$ cat my_file_25.txt   # compact mmCIF, C-alpha atoms and all ligand atoms
# COMPACT_ATOMS: atom_id res chain seq x y z
CA MET X 120 -13.41 -9.81 -13.57
CA GLN X 121 -11.77 -7.80 -16.28
CA PHE X 122 -8.82 -5.48 -16.36
CA VAL X 123 -9.25 -2.11 -18.03
CA LEU X 124 -6.71 0.49 -19.08
CA LYS X 125 -8.03 4.03 -18.62
CA PRO X 126 -6.26 7.14 -19.96
CA VAL X 127 -4.93 9.42 -17.25
CA ASN X 128 -5.80 13.09 -17.34
CA HIS X 129 -2.68 14.57 -15.80
CA ARG X 130 -0.03 17.05 -16.88
CA PHE X 131 3.32 15.54 -15.84
CA LYS X 132 6.16 17.62 -14.43
CA GLY X 133 9.78 16.46 -14.50
CA GLY X 134 10.95 15.34 -11.05
CA GLU X 135 7.50 14.49 -9.65
CA PHE X 136 6.84 11.13 -8.01
CA ALA X 137 4.38 8.90 -9.85
CA SER X 138 1.23 8.78 -7.75
CA GLN X 139 0.25 5.43 -9.31
CA ASP X 140 1.51 2.90 -11.85
CA TYR X 141 1.36 4.19 -15.42
CA PHE X 142 1.05 1.96 -18.48
CA ASP X 143 1.24 2.35 -22.24
CA HIS X 144 -1.75 1.40 -24.43
CA GLN X 145 -0.58 -2.22 -24.50
CA GLY X 146 -0.44 -2.49 -20.73
CA ASN X 147 3.34 -2.33 -20.38
CA LEU X 148 4.41 -0.64 -17.16
CA LEU X 149 6.07 2.69 -18.00
CA VAL X 150 6.74 3.94 -14.51
CA GLY X 151 5.82 2.43 -11.15
CA LYS X 152 4.07 4.22 -8.31
CA GLY X 153 6.55 6.18 -6.20
CA GLN X 154 9.23 6.28 -8.92
CA VAL X 155 10.55 9.60 -10.18
CA VAL X 156 9.16 10.84 -13.49
CA THR X 157 12.28 12.24 -15.12
CA PRO X 158 11.99 15.42 -17.28
CA SER X 159 12.36 13.38 -20.50
CA LEU X 160 9.69 10.88 -19.37
CA ALA X 161 7.39 13.77 -18.38
CA SER X 162 7.61 15.35 -21.82
CA TYR X 163 7.07 11.91 -23.45
CA PHE X 164 4.01 11.27 -21.25
CA ASN X 165 2.58 14.69 -22.10
CA ARG X 166 2.79 13.97 -25.82
CA GLN X 167 0.85 10.69 -25.81
CA PRO X 168 -1.84 8.96 -23.75
CA VAL X 169 -0.70 7.29 -20.55
CA ASN X 170 -2.99 4.83 -18.78
CA SER X 171 -3.72 3.52 -15.33
CA LEU X 172 -4.93 -0.02 -14.81
CA TYR X 173 -8.22 -0.91 -13.10
CA TYR X 174 -10.03 -4.12 -12.51
CA GLU X 175 -13.77 -4.15 -12.83
CA TRP X 176 -16.33 -6.65 -11.73
CA PRO X 177 -19.02 -7.33 -14.34
CA ASP X 178 -21.69 -6.77 -11.69
CA ALA X 179 -20.13 -5.69 -8.44
CA ALA X 180 -23.50 -5.08 -6.77
CA ASN X 181 -24.42 -8.75 -6.81
CA PRO X 182 -23.27 -11.12 -4.09
CA ILE X 183 -20.72 -13.80 -4.84
CA THR X 184 -22.49 -16.75 -6.36
CA GLU X 185 -19.74 -18.40 -8.36
CA HIS X 186 -17.63 -19.73 -5.52
CA PRO X 187 -18.52 -23.32 -4.73
CA ASP X 188 -18.28 -22.63 -1.02
CA SER X 189 -20.19 -19.34 -1.03
CA SER X 190 -23.12 -20.82 0.92
CA ILE X 191 -20.78 -21.78 3.76
CA LEU X 192 -19.38 -18.24 3.90
CA ILE X 193 -22.79 -16.94 5.03
CA ASN X 194 -22.04 -18.52 8.41
CA TYR X 195 -19.25 -15.99 8.94
CA PRO X 196 -20.90 -12.55 8.83
CA ARG X 197 -18.01 -10.96 10.77
CA ILE X 198 -15.67 -11.88 7.91
CA SER X 199 -17.21 -12.89 4.61
CA PRO X 200 -18.77 -9.51 3.64
CA TRP X 201 -15.42 -7.88 4.38
CA LEU X 202 -13.14 -10.32 2.65
CA SER X 203 -11.67 -9.13 -0.64
CA ARG X 204 -13.61 -10.52 -3.60
CA ILE X 205 -10.32 -11.28 -5.28
CA PHE X 206 -9.61 -14.01 -2.75
CA LEU X 207 -13.02 -15.53 -3.34
CA GLU X 208 -13.34 -15.21 -7.08
CA MET X 209 -9.88 -15.71 -8.46
CA ASP X 210 -9.10 -18.97 -6.69
CA LEU X 211 -5.67 -17.69 -5.76
CA PHE X 212 -5.82 -19.90 -2.68
CA LYS X 213 -6.98 -23.46 -2.15
CA PRO X 214 -10.69 -23.36 -1.17
CA GLN X 215 -10.28 -25.75 1.77
CA LEU X 216 -7.47 -23.67 3.23
CA MET X 217 -9.52 -20.50 2.73
CA LEU X 218 -12.37 -21.95 4.73
CA LYS X 219 -9.96 -22.97 7.47
CA ALA X 220 -8.61 -19.40 7.57
CA ILE X 221 -12.11 -17.92 7.75
CA SER X 222 -13.18 -20.23 10.56
CA PHE X 223 -9.90 -19.59 12.45
CA ILE X 224 -10.27 -15.80 12.16
CA ASP X 225 -13.93 -16.00 13.14
CA THR X 226 -13.03 -17.78 16.38
CA LEU X 227 -10.43 -15.10 17.13
CA LEU X 228 -12.88 -12.30 16.37
CA GLU X 229 -15.41 -13.85 18.71
CA HIS X 230 -12.74 -13.62 21.39
CA LEU X 231 -11.72 -10.06 20.43
CA PHE X 232 -15.26 -8.70 20.49
CA VAL X 233 -15.63 -9.74 24.15
CA HIS X 234 -12.01 -9.30 25.29
CA PRO X 235 -12.17 -7.05 28.39
CA GLY X 236 -9.34 -4.79 27.23
CA ILE X 237 -9.72 -4.83 23.47
CA SER X 238 -13.42 -5.23 22.72
CA SER X 239 -14.24 -1.51 22.96
CA ASP X 240 -11.39 -0.58 20.58
CA PHE X 241 -12.27 -3.37 18.20
CA LYS X 242 -15.96 -2.51 18.19
CA LEU X 243 -14.97 1.09 17.47
CA LEU X 244 -12.89 -0.08 14.53
CA TYR X 245 -15.82 -2.14 13.27
CA THR X 246 -18.36 0.67 13.58
CA SER X 247 -16.35 3.83 12.93
CA ASP X 248 -13.57 2.84 10.56
CA SER X 249 -14.84 0.19 8.17
CA VAL X 250 -11.86 0.78 5.86
CA THR X 251 -9.37 -0.24 8.55
CA TYR X 252 -11.65 -3.06 9.77
CA ARG X 253 -11.86 -4.50 6.24
CA HIS X 254 -8.12 -4.08 5.80
CA SER X 255 -7.43 -5.83 9.12
CA ILE X 256 -9.65 -8.81 8.23
CA ASN X 257 -7.89 -9.22 4.88
CA VAL X 258 -4.41 -8.81 6.37
CA ALA X 259 -5.33 -11.43 8.99
CA PHE X 260 -6.49 -13.75 6.19
CA LEU X 261 -3.24 -13.34 4.25
CA SER X 262 -1.12 -13.66 7.40
CA PHE X 263 -2.88 -16.94 8.19
CA MET X 264 -2.03 -18.22 4.69
CA ILE X 265 1.64 -17.26 5.04
CA GLY X 266 1.81 -18.58 8.62
CA LYS X 267 0.39 -21.95 7.53
CA GLU X 268 2.99 -22.16 4.77
CA PHE X 269 5.67 -21.53 7.43
CA ASN X 270 4.05 -24.40 9.33
CA TYR X 271 2.86 -22.20 12.19
CA LYS X 272 0.41 -24.05 14.40
CA GLY X 273 -1.67 -23.59 17.55
CA GLU X 274 -0.76 -20.65 19.74
CA LYS X 275 1.96 -19.40 17.37
CA LEU X 276 -0.51 -19.14 14.50
CA ARG X 277 -3.13 -17.63 16.80
CA ARG X 278 -0.72 -14.90 17.94
CA LEU X 279 0.28 -14.12 14.37
CA VAL X 280 -3.34 -13.65 13.26
CA PHE X 281 -4.21 -11.83 16.49
CA GLY X 282 -1.40 -9.33 15.76
CA ALA X 283 -2.61 -8.97 12.16
CA LEU X 284 -6.13 -8.12 13.34
CA LEU X 285 -4.76 -5.46 15.71
CA HIS X 286 -1.84 -4.16 13.64
CA ASP X 287 -3.50 -0.84 12.66
CA ILE X 288 -5.42 -0.26 15.90
CA GLY X 289 -3.41 2.97 16.37
CA LYS X 290 -5.30 4.44 13.40
CA LEU X 291 -8.22 4.95 15.78
CA ASN X 292 -6.23 7.92 17.10
CA LEU X 293 -5.90 9.53 13.68
CA PRO X 294 -8.36 11.97 12.12
CA ASP X 295 -10.55 10.57 9.34
CA LYS X 296 -9.76 13.44 7.01
CA ILE X 297 -6.09 12.44 6.94
CA LEU X 298 -6.71 8.67 6.83
CA ASN X 299 -9.05 8.89 3.86
CA LYS X 300 -7.63 11.90 2.08
CA PRO X 301 -7.84 11.33 -1.68
CA GLU X 302 -5.03 13.78 -2.52
CA ALA X 303 -1.35 13.33 -1.76
CA LEU X 304 -0.50 13.84 1.91
CA THR X 305 1.58 16.79 3.08
CA LEU X 306 4.81 15.99 4.89
CA GLU X 307 3.17 16.90 8.20
CA GLU X 308 0.16 14.65 7.52
CA PHE X 309 2.48 11.82 6.52
CA LYS X 310 4.28 12.18 9.86
CA ILE X 311 0.94 11.92 11.65
CA ILE X 312 0.12 8.71 9.74
CA GLN X 313 3.54 7.35 10.65
CA SER X 314 2.72 7.68 14.34
CA HIS X 315 0.03 4.96 14.24
CA PRO X 316 2.29 1.99 15.17
CA THR X 317 3.47 3.80 18.33
CA LEU X 318 -0.07 5.00 19.10
CA GLY X 319 -1.30 1.43 18.67
CA VAL X 320 1.14 0.16 21.27
CA GLN X 321 0.09 3.01 23.61
CA ARG X 322 -3.57 2.04 23.20
CA THR X 323 -2.79 -1.49 24.31
CA THR X 324 -0.57 -0.48 27.27
CA GLY X 325 -1.80 -2.14 30.43
CA LEU X 326 -3.26 -5.10 28.60
CA ILE X 327 -1.54 -8.41 28.91
CA LEU X 328 -0.83 -9.10 25.25
CA PRO X 329 1.72 -11.58 23.85
CA GLU X 330 5.04 -9.95 22.96
CA SER X 331 4.67 -10.93 19.28
CA VAL X 332 1.31 -9.12 19.08
CA ILE X 333 2.87 -5.92 20.45
CA SER X 334 5.86 -6.22 18.10
CA THR X 335 3.49 -6.67 15.14
CA ILE X 336 1.63 -3.47 16.04
CA LEU X 337 4.89 -1.57 16.49
CA GLN X 338 7.01 -3.00 13.67
CA HIS X 339 4.71 -3.73 10.71
CA HIS X 340 6.02 -0.67 8.81
CA GLU X 341 9.68 -1.51 9.34
CA ARG X 342 11.55 -2.45 6.17
CA TRP X 343 14.06 -5.23 5.61
CA ASN X 344 16.80 -2.71 4.66
CA GLY X 345 16.19 -0.52 7.72
CA THR X 346 14.42 2.36 5.95
CA GLY X 347 11.04 1.81 7.60
CA TYR X 348 9.46 3.33 10.68
CA PRO X 349 9.18 3.98 13.60
CA GLN X 350 12.50 2.52 14.78
CA GLY X 351 14.40 1.88 11.53
CA LEU X 352 14.92 -1.79 12.44
CA ALA X 353 16.48 -4.05 9.80
CA ASN X 354 16.53 -7.74 8.85
CA HIS X 355 16.00 -10.04 11.83
CA GLU X 356 15.72 -7.14 14.27
CA ILE X 357 12.14 -7.11 12.97
CA SER X 358 10.02 -9.77 14.66
CA PRO X 359 8.96 -12.71 12.44
CA SER X 360 5.25 -11.90 12.84
CA ALA X 361 5.85 -8.25 11.88
CA GLN X 362 7.80 -9.44 8.81
CA ILE X 363 4.80 -11.53 7.73
CA VAL X 364 2.19 -8.87 8.47
CA ALA X 365 4.29 -6.30 6.55
CA VAL X 366 3.95 -8.36 3.36
CA ALA X 367 0.24 -9.08 3.93
CA ASP X 368 -0.34 -5.39 4.70
CA VAL X 369 1.22 -4.07 1.49
CA TYR X 370 -0.31 -6.77 -0.72
CA GLU X 371 -3.78 -6.02 0.67
CA ALA X 372 -3.28 -2.28 0.20
CA LEU X 373 -2.14 -2.78 -3.42
CA ILE X 374 -5.13 -4.87 -4.51
CA THR X 375 -7.78 -2.79 -2.71
CA ASP X 376 -9.50 0.32 -4.02
CA ARG X 377 -8.66 3.27 -1.78
CA PRO X 378 -9.65 6.94 -1.98
CA TYR X 379 -6.18 7.69 -3.32
CA HIS X 380 -5.72 4.83 -5.78
CA ALA X 381 -7.57 2.06 -7.61
CA GLY X 382 -6.74 -1.51 -6.68
CA LEU X 383 -4.24 -3.36 -8.81
CA PRO X 384 -4.80 -6.80 -10.34
CA PRO X 385 -3.27 -9.45 -8.05
CA TYR X 386 -0.72 -10.57 -10.62
CA HIS X 387 0.56 -7.02 -10.90
CA ALA X 388 0.60 -6.57 -7.11
CA ILE X 389 2.70 -9.75 -6.86
CA GLU X 390 5.23 -8.30 -9.30
CA ILE X 391 5.52 -5.21 -7.09
CA LEU X 392 6.07 -7.36 -3.98
CA LEU X 393 8.77 -9.29 -5.80
CA LYS X 394 10.54 -6.02 -6.61
CA GLY X 395 10.50 -5.17 -2.89
CA SER X 396 12.05 -8.46 -1.78
CA GLU X 397 15.27 -7.80 0.20
CA THR X 398 14.65 -4.04 0.25
CA HIS X 399 11.21 -3.65 1.80
CA PHE X 400 10.43 -7.23 2.72
CA SER X 401 12.05 -10.35 4.06
CA PRO X 402 12.95 -12.47 0.99
CA GLU X 403 11.98 -15.59 2.91
CA VAL X 404 8.50 -14.24 3.63
CA ILE X 405 8.01 -13.17 0.00
CA GLU X 406 9.01 -16.60 -1.26
CA THR X 407 6.73 -18.29 1.27
CA PHE X 408 3.86 -16.00 0.30
CA LEU X 409 4.32 -16.95 -3.36
CA HIS X 410 4.10 -20.61 -2.39
CA THR X 411 0.67 -20.03 -0.85
CA ILE X 412 -0.71 -18.85 -4.18
CA GLN X 413 -2.01 -21.21 -6.82
CA PHE X 414 -0.83 -19.37 -9.88
CA TYR X 415 -2.13 -21.62 -12.62
CA PRO X 416 -3.95 -24.65 -11.23
CA ALA X 417 -4.30 -27.66 -13.53
CA ASP X 418 -6.83 -27.17 -16.34
CA SER X 419 -6.90 -23.40 -15.92
CA LEU X 420 -7.10 -21.27 -19.04
CA VAL X 421 -5.49 -17.86 -19.33
CA THR X 422 -6.83 -15.03 -21.42
CA LEU X 423 -4.31 -12.55 -22.77
CA ASN X 424 -4.74 -8.83 -23.44
CA SER X 425 -4.67 -9.77 -27.13
CA GLY X 426 -7.93 -11.72 -26.59
CA GLU X 427 -6.25 -15.07 -27.21
CA THR X 428 -6.77 -17.97 -24.81
CA GLY X 429 -4.18 -20.54 -23.85
CA ILE X 430 -2.87 -23.10 -21.41
CA VAL X 431 0.13 -22.42 -19.20
CA LEU X 432 2.97 -24.78 -20.04
CA HIS X 433 5.73 -23.56 -17.81
CA TYR X 434 6.56 -20.80 -15.36
CA SER X 435 9.44 -20.25 -13.01
CA TYR X 436 10.31 -18.20 -9.96
CA PRO X 437 10.60 -15.20 -9.98
CA ASN X 438 8.90 -14.70 -13.38
CA LEU X 439 5.62 -16.16 -12.19
CA THR X 440 3.43 -13.76 -14.09
CA ARG X 441 5.16 -14.27 -17.43
CA PRO X 442 4.87 -17.98 -18.27
CA ARG X 443 5.06 -19.88 -21.56
CA ILE X 444 1.59 -20.42 -22.95
CA ARG X 445 0.15 -22.71 -25.63
CA ILE X 446 -2.42 -20.66 -27.54
CA ILE X 447 -5.54 -22.70 -28.28
CA MET X 448 -8.11 -20.03 -29.18
CA ASP X 449 -7.85 -16.82 -31.17
CA ALA X 450 -9.15 -13.41 -30.11
CA GLY X 451 -12.63 -14.31 -31.40
CA GLY X 452 -12.82 -17.40 -29.18
CA ILE X 453 -12.39 -19.74 -32.20
CA PRO X 454 -10.06 -22.73 -31.72
CA VAL X 455 -6.89 -22.09 -33.72
CA GLU X 456 -6.10 -24.43 -36.60
CA ARG X 457 -2.59 -24.86 -35.39
CA GLU X 458 -1.73 -24.34 -31.71
CA TRP X 459 1.36 -22.27 -31.07
CA ILE X 460 3.46 -21.18 -28.13
CA VAL X 461 4.05 -17.69 -26.81
CA ASP X 462 6.72 -16.95 -24.21
CA LEU X 463 5.59 -13.91 -22.19
CA LEU X 464 9.16 -13.39 -20.98
CA GLN X 465 10.11 -12.59 -24.58
CA ASP X 466 6.87 -11.01 -25.78
CA ASN X 467 6.27 -7.83 -23.81
CA SER X 468 3.27 -6.81 -25.89
CA ARG X 469 1.18 -9.58 -24.31
CA TYR X 470 0.24 -10.08 -20.67
CA ILE X 471 -2.27 -12.17 -18.74
CA LEU X 472 -5.65 -10.53 -18.33
CA SER X 473 -7.40 -13.22 -16.38
CA VAL X 474 -7.24 -16.85 -15.34
CA LYS X 475 -10.29 -19.08 -15.72
CA TYR X 476 -10.54 -22.20 -13.65
CA ASN X 477 -12.13 -25.47 -14.53
CA ARG X 478 -14.28 -25.73 -11.42
CA ALA X 479 -15.81 -29.00 -12.52
CA GLY X 480 -12.37 -30.58 -12.46
FE FE O 1 -0.20 0.25 9.38
$ encode --input "my_file_25.txt" --output "structure tokens"
Amino acid sequence: MQFVLKPVNHRFKGGEFASQDYFDHQGNLLVGKGQVVTPSLASYFNRQPVNSLYYEWPDAANPITEHPDSSILINYPRISPWLSRIFLEMDLFKPQLMLKAISFIDTLLEHLFVHPGISSDFKLLYTSDSVTYRHSINVAFLSFMIGKEFNYKGEKLRRLVFGALLHDIGKLNLPDKILNKPEALTLEEFKIIQSHPTLGVQRTTGLILPESVISTILQHHERWNGTGYPQGLANHEISPSAQIVAVADVYEALITDRPYHAGLPPYHAIEILLKGSETHFSPEVIETFLHTIQFYPADSLVTLNSGETGIVLHYSYPNLTRPRIRIIMDAGGIPVEREWIVDLLQDNSRYILSVKYNRAG
């Protein structure tokens, strides 16, 4: 996988909201998605190239062959083709735990596809809204990872993942043209989108579902500071499972290509989540989520935007994406005569492009 900066063809107006993250030519974030582009920034952006960041797979059409457990994944056709390639190829999670998650979700899906009250809705999601189906599978996967880190077991874990699989079921009530609209939504369309948690609960009325599953459907867009929807709940008024699914939901949306934005590299998405800790998200859930991720496993090599390769020496919370690195190879891939250390916290011109793992180790 490689990260690519592409110039943006857009005339900025002072006061507009950034529709995506914008970077300078070195990959430094200039303004984050949703932030206001001030008049002075707009005139600066219009004078010089501004970039957006994409990740590209060298050959996205080919199936995953690198992952050591890829042959086992074939046994899970309800999940594996839908699971984000990032989870499989970047080794962000421990392979054994990933397989556990996949098997756990598969068992739940088996149940959902024949559940007397839910199967028709879930089949509809699978056949008519593959975007939401894919999203739900990935949110369930991430919720499992976070739940395990919280030491959820048995029925508690099952209910959490069950809620994650159903969290966007209300989107079945929404028109496709709004759900997949590539342009910015109008205020009215945004209000329609915001109705999906309530519609989801209405769709499941009459079914005997665990309370935590219903609260996940209803509350997964609530925010820690009370600025979310539909009820404006805050802090621990939001159910624990909805707090977890909220983080999984946003992380999945950030890393996935959508009609209205390109997916972000996971390390950048993590930085955005960190910024939302205590405002959008429960700080405890964010911290737990970070613990599920293997940032720099032993023997991994990082490649920088400068082309240099190095070994991570030290990183600390919350600056997980800006560690200290011992440079061992130059931009041409030649071992350096004298190894040296770069501290990404101090050197803003460099950032991590990719992490390579020593799979033989
Ligand atoms: Fe949602």
$ residues_around --input "my_file_25.txt" --residues "region 435-439 of chain X" --least-positions-apart "4" --cutoff "10 Å" --atoms "all atoms listed in the file" --output "number ranges by chain"
X: 386, 389-390, 393-394, 406, 409, 414-415, 443, 463-464
$ residues_near_ligand --input "my_file_25.txt" --ligand "ligand FE 1 (chain O)" --cutoff "7 Å" --atoms "only C-alpha atoms and all ligand atoms" --output "number ranges by chain"
X: 286-287, 315-316, 339-340
$ closest_residue --input "my_file_25.txt" --among "X:Gln321, X:Ser262, X:Asn299, X:Ser314" --to "Ile405 (chain X)" --atoms "all atoms listed in the file"
X:Ser262
$ residues_around --input "my_file_25.txt" --residues "region 218-230 of chain X" --least-positions-apart "3" --cutoff "12 Å" --atoms "only C-alpha atoms" --output "count of residues only"
59
$ atom_distance --input "my_file_25.txt" --atom1 "CA of Gly395 (chain X)" --atom2 "CA of Thr375 (chain X)"
18.4 Å
$ closest_residue --input "my_file_25.txt" --among "X:Glu427, X:Glu458, X:Val404, X:Arg130" --to "Glu268 (chain X)" --atoms "all atoms listed in the file"
X:Val404
$ closest_residue --input "my_file_25.txt" --among "X:Pro385, X:Tyr163, X:Leu293, X:Ser239" --to "Leu318 (chain X)" --atoms "only C-alpha atoms"
X:Leu293
$ residues_around --input "my_file_25.txt" --residues "Asn165 (chain X)" --least-positions-apart "5" --cutoff "9 Å" --atoms "all atoms listed in the file" --output "ChimeraX atom specification"
/X:129-132,160
$ write_last_selection --input "my_file_25.txt" --atoms "C-alpha atoms" --output "mmCIF file, keeping the file's coordinate frame"
data_model
loop_
_atom_site.group_PDB
_atom_site.id
_atom_site.type_symbol
_atom_site.label_atom_id
_atom_site.label_comp_id
_atom_site.auth_asym_id
_atom_site.auth_seq_id
_atom_site.Cartn_x
_atom_site.Cartn_y
_atom_site.Cartn_z
ATOM 1 C CA HIS X 129 -2.680 14.570 -15.800
ATOM 2 C CA ARG X 130 -0.030 17.050 -16.880
ATOM 3 C CA PHE X 131 3.320 15.540 -15.840
ATOM 4 C CA LYS X 132 6.160 17.620 -14.430
ATOM 5 C CA LEU X 160 9.690 10.880 -19.370
#
$ residues_around --input "my_file_25.txt" --residues "Ser334 (chain X)" --least-positions-apart "6" --cutoff "9 Å" --atoms "all atoms listed in the file" --output "short mmCIF file (atom, residue, chain, number, x, y, z; two decimals) with C-alpha atoms, in the frame of the given file"
data_model
loop_
_atom_site.label_atom_id
_atom_site.label_comp_id
_atom_site.auth_asym_id
_atom_site.auth_seq_id
_atom_site.Cartn_x
_atom_site.Cartn_y
_atom_site.Cartn_z
CA GLY X 282 -1.40 -9.33 15.76
CA VAL X 320 1.14 0.16 21.27
CA ILE X 357 12.14 -7.11 12.97
CA SER X 358 10.02 -9.77 14.66
CA SER X 360 5.25 -11.90 12.84
CA ALA X 361 5.85 -8.25 11.88
#
$ atom_distance --input "my_file_25.txt" --atom1 "CA of Pro294 (chain X)" --atom2 "CA of Leu383 (chain X)"
26.3 Å
$ closest_residue --input "my_file_25.txt" --among "X:Leu337, X:Val127, X:Leu298, X:Ala388" --to "Ile311 (chain X)" --atoms "only C-alpha atoms"
X:Leu298
$ residues_around --input "my_file_25.txt" --residues "Gly451 (chain X)" --least-positions-apart "4" --cutoff "12 Å" --atoms "only C-alpha atoms" --output "VMD selection string"
chain X and resid 422 425 to 428 447 455
